[in-house]
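J.: I have a structure here, written as structure tokens, and I will follow up with some questions on it.
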Amino acid sequence: MKLVVDASPLIALAGIGRLELLRALFPEIMVPDAVLLEISKDDKPYSRELLRRFRKDKMSATNRVAVDFLQNDLGYGESEAIVLAIEHQAVLLVDDLKARRFAQSENISILGTIGVLLQGKKTGRIVSVRDDLDQLMSNDIRIGNDLYRHALSVAGEI
């Protein structure tokens with residue numbers, strides 16, 4: 001299964017030491033040029049590690065008109081990630097709600113940071129989703145109470 005990744009989930013997973021899940025769960029990872037640019041800009045947290053790990057997975061969307069059009073409503077990284085996911089019939093890893101809604105309207109399979117953690121638990125690569133969710137929240141990643149409880153329920157931890 002192919003995966004196109006946006007910046008926010010990469011940063012979130014790096015912050016809790018779970019980047020290895022992506023390679024374990026997805027044999028082919030594509031990182032849009034715009035996402036690598038976003039990660040490297042302003043020396044974001046974990047930027048060096050992310051660039052080192054994912055530079056070789058860099059790809060550009062072919063349909064630049066679609067990328068430009070989507071930028072009217074979404075960020076550059078999300079826009080290119082969506083177009084790449086369409087072009088390669090890939091799963092889109094994105095947390096931004098607006099981008100997720102648009103992707104769903106285009107019938108793109110989507111996954112978020114929490115979905116990656118749940119797949120990690122399902123495949124035995126994670127023991128406790130709760131610990132990872134708590135660590136995400138301590139890293140200032142917002143997770144609503146309902147989503148938190150739902151994730152724990154799916155993980156079989158409540």
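As shown in the structure tokens, the chain order sets the letters A, B, ...; within each chain, residues go from 1, and ligands are also counted from 1 in the order they appear.
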So that I can see what lies close to range 4-14 of chain A, please list as a VMD selection string the residues with an atom at most 8 Å from it, counting only C-alpha atoms and leaving out residues fewer than 2 positions away in the same chain.
T.: chain A and resid 2 16 to 19 29 to 32 35 to 36 38 to 39 45 to 47 50 77 to 78 81 84 to 85 90 to 96 112 to 113 136 141
J.: Which residues are near Glu28 in chain A? Cut-off 8 Å, only C-alpha atoms, ignore same chain within fewer than 3 positions. Put them as a short mmCIF file (atom, residue, chain, number, x, y, z; two decimals) with N, CA and C atoms, in the first residue's frame.
T.:
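Generated output (around-v8.cif):
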```
data_model
loop_
_atom_site.label_atom_id
_atom_site.label_comp_id
_atom_site.auth_asym_id
_atom_site.auth_seq_id
_atom_site.Cartn_x
_atom_site.Cartn_y
_atom_site.Cartn_z
N MET A 1 0.84 -1.18 0.00
CA MET A 1 0.00 0.00 0.00
C MET A 1 0.89 1.25 0.00
N LYS A 2 0.56 2.20 -0.86
CA LYS A 2 1.32 3.45 -0.96
C LYS A 2 0.76 4.47 0.03
N LEU A 3 1.65 5.30 0.56
CA LEU A 3 1.26 6.33 1.52
C LEU A 3 1.88 7.65 1.12
N ARG A 23 7.39 3.10 8.04
CA ARG A 23 8.09 2.14 7.17
C ARG A 23 7.62 0.71 7.44
#
```
J.: DSSP on the backbone, strand (DSSP E or B) only: what residues of chain A does that give? Format it as an MDAnalysis selection string.
T.: chainID A and resid 2:5 28:32 58:59 91:93 110:111
J.: Excluding Ile108 in chain A and any residue of its chain fewer than 4 positions from it, enumerate the residues within 7 Å of it, using only C-alpha atoms, and give them as a PyMOL selection string.
T.: chain A and resi 86+91+103-104
J.: For each of A:Glu87, A:Asp43, A:Glu49, A:Asp132, take the minimum atom-to-atom distance to Thr62 in chain A, counting only C-alpha atoms, then give the residue where this is smallest.
T.: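 Once distances to Thr62 in chain A are computed over only C-alpha atoms, the minimum belongs to A:Glu87.
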J.: Applying 10 Å and only C-alpha atoms, which residues near Arg130 in chain A remain after dropping the ones on its own chain fewer than 5 positions away? List them as a ChimeraX atom specification.
T.: /A:117,135-136,148-149,151-152,155,157-158
J.: Only N, CA and C atoms, please: the residues just picked out, written as a PDB file, in the first residue's frame.
T.:
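Output file selection.pdb follows:
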```pdb
ATOM      1  N   LEU A 117      -1.088   5.007  14.855  1.00  0.00           N
ATOM      2  CA  LEU A 117      -0.857   4.381  16.160  1.00  0.00           C
ATOM      3  C   LEU A 117      -1.763   3.161  16.354  1.00  0.00           C
ATOM      4  N   GLN A 135       1.519  11.219  25.333  1.00  0.00           N
ATOM      5  CA  GLN A 135       2.750  11.903  24.935  1.00  0.00           C
ATOM      6  C   GLN A 135       2.476  12.925  23.827  1.00  0.00           C
ATOM      7  N   LEU A 136       1.605  12.582  22.873  1.00  0.00           N
ATOM      8  CA  LEU A 136       1.220  13.555  21.841  1.00  0.00           C
ATOM      9  C   LEU A 136       0.638  14.805  22.493  1.00  0.00           C
ATOM     10  N   TYR A 148     -10.049  10.793  21.863  1.00  0.00           N
ATOM     11  CA  TYR A 148      -9.163  10.078  22.790  1.00  0.00           C
ATOM     12  C   TYR A 148      -9.830   8.785  23.268  1.00  0.00           C
ATOM     13  N   ARG A 149     -11.061   8.915  23.749  1.00  0.00           N
ATOM     14  CA  ARG A 149     -11.790   7.740  24.245  1.00  0.00           C
ATOM     15  C   ARG A 149     -12.056   6.735  23.124  1.00  0.00           C
ATOM     16  N   ALA A 151     -10.273   6.256  20.390  1.00  0.00           N
ATOM     17  CA  ALA A 151      -9.007   5.590  20.053  1.00  0.00           C
ATOM     18  C   ALA A 151      -8.680   4.508  21.081  1.00  0.00           C
ATOM     19  N   LEU A 152      -8.867   4.812  22.350  1.00  0.00           N
ATOM     20  CA  LEU A 152      -8.602   3.812  23.394  1.00  0.00           C
ATOM     21  C   LEU A 152      -9.556   2.628  23.282  1.00  0.00           C
ATOM     22  N   ALA A 155      -8.463   0.514  20.409  1.00  0.00           N
ATOM     23  CA  ALA A 155      -7.223  -0.171  20.792  1.00  0.00           C
ATOM     24  C   ALA A 155      -7.456  -1.247  21.855  1.00  0.00           C
ATOM     25  N   GLU A 157      -8.176  -0.632  25.013  1.00  0.00           N
ATOM     26  CA  GLU A 157      -7.505  -0.202  26.240  1.00  0.00           C
ATOM     27  C   GLU A 157      -8.465   0.414  27.257  1.00  0.00           C
ATOM     28  N   ILE A 158      -9.771   0.371  26.967  1.00  0.00           N
ATOM     29  CA  ILE A 158     -10.768   0.778  27.979  1.00  0.00           C
ATOM     30  C   ILE A 158     -11.926  -0.205  27.950  1.00  0.00           C
TER      31      ILE A 158
END
```
J.: Just list as JSON, numbers by chain whatever in chain A DSSP marks as helix (DSSP H, G or I).
T.: {"A": [7, 8, 9, 10, 11, 12, 13, 14, 15, 20, 21, 22, 23, 24, 25, 33, 34, 35, 36, 37, 38, 39, 40, 41, 42, 43, 47, 48, 49, 50, 51, 52, 53, 54, 55, 56, 57, 64, 65, 66, 67, 68, 69, 70, 76, 77, 78, 79, 80, 81, 82, 83, 84, 85, 86, 87, 88, 97, 98, 99, 100, 101, 102, 103, 104, 105, 113, 114, 115, 116, 117, 118, 119, 120, 121, 122, 129, 130, 131, 132, 133, 134, 135, 136, 137, 138, 145, 146, 147, 148, 149, 150, 151, 152, 153, 154]}
J.: Out of A:Asn139, A:Ser153, A:Ser128, A:Ser79, which residue has the shortest atom-to-atom distance to Gly15 in chain A when counting only C-alpha atoms?
T.: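 Closest to Gly15 in chain A, using only C-alpha atoms: A:Asn139.
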J.: Kindly indicate which residue among A:Leu51, A:Ser60, A:Ala99, A:Asn107 lies nearest to Leu74 in chain A, using only C-alpha atoms for the distances.
T.: A:Ala99
J.: Would you work out the distance separating CA of Phe69 in chain A from CA of Gln89 in chain A, expressed in Å to one decimal?
T.: 19.6 Å
J.: Smallest atom-to-atom distance to Lys122 in chain A: which of A:Ile82, A:Leu25, A:Ser138, A:Glu106, using only C-alpha atoms?
T.: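 Under the stated criterion, the closest residue is A:Leu25.
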J.: Do you have the CA of Val65 in chain A-CA of Leu97 in chain A distance handy?
T.: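 Interatomic distance here is 22.6 Å.
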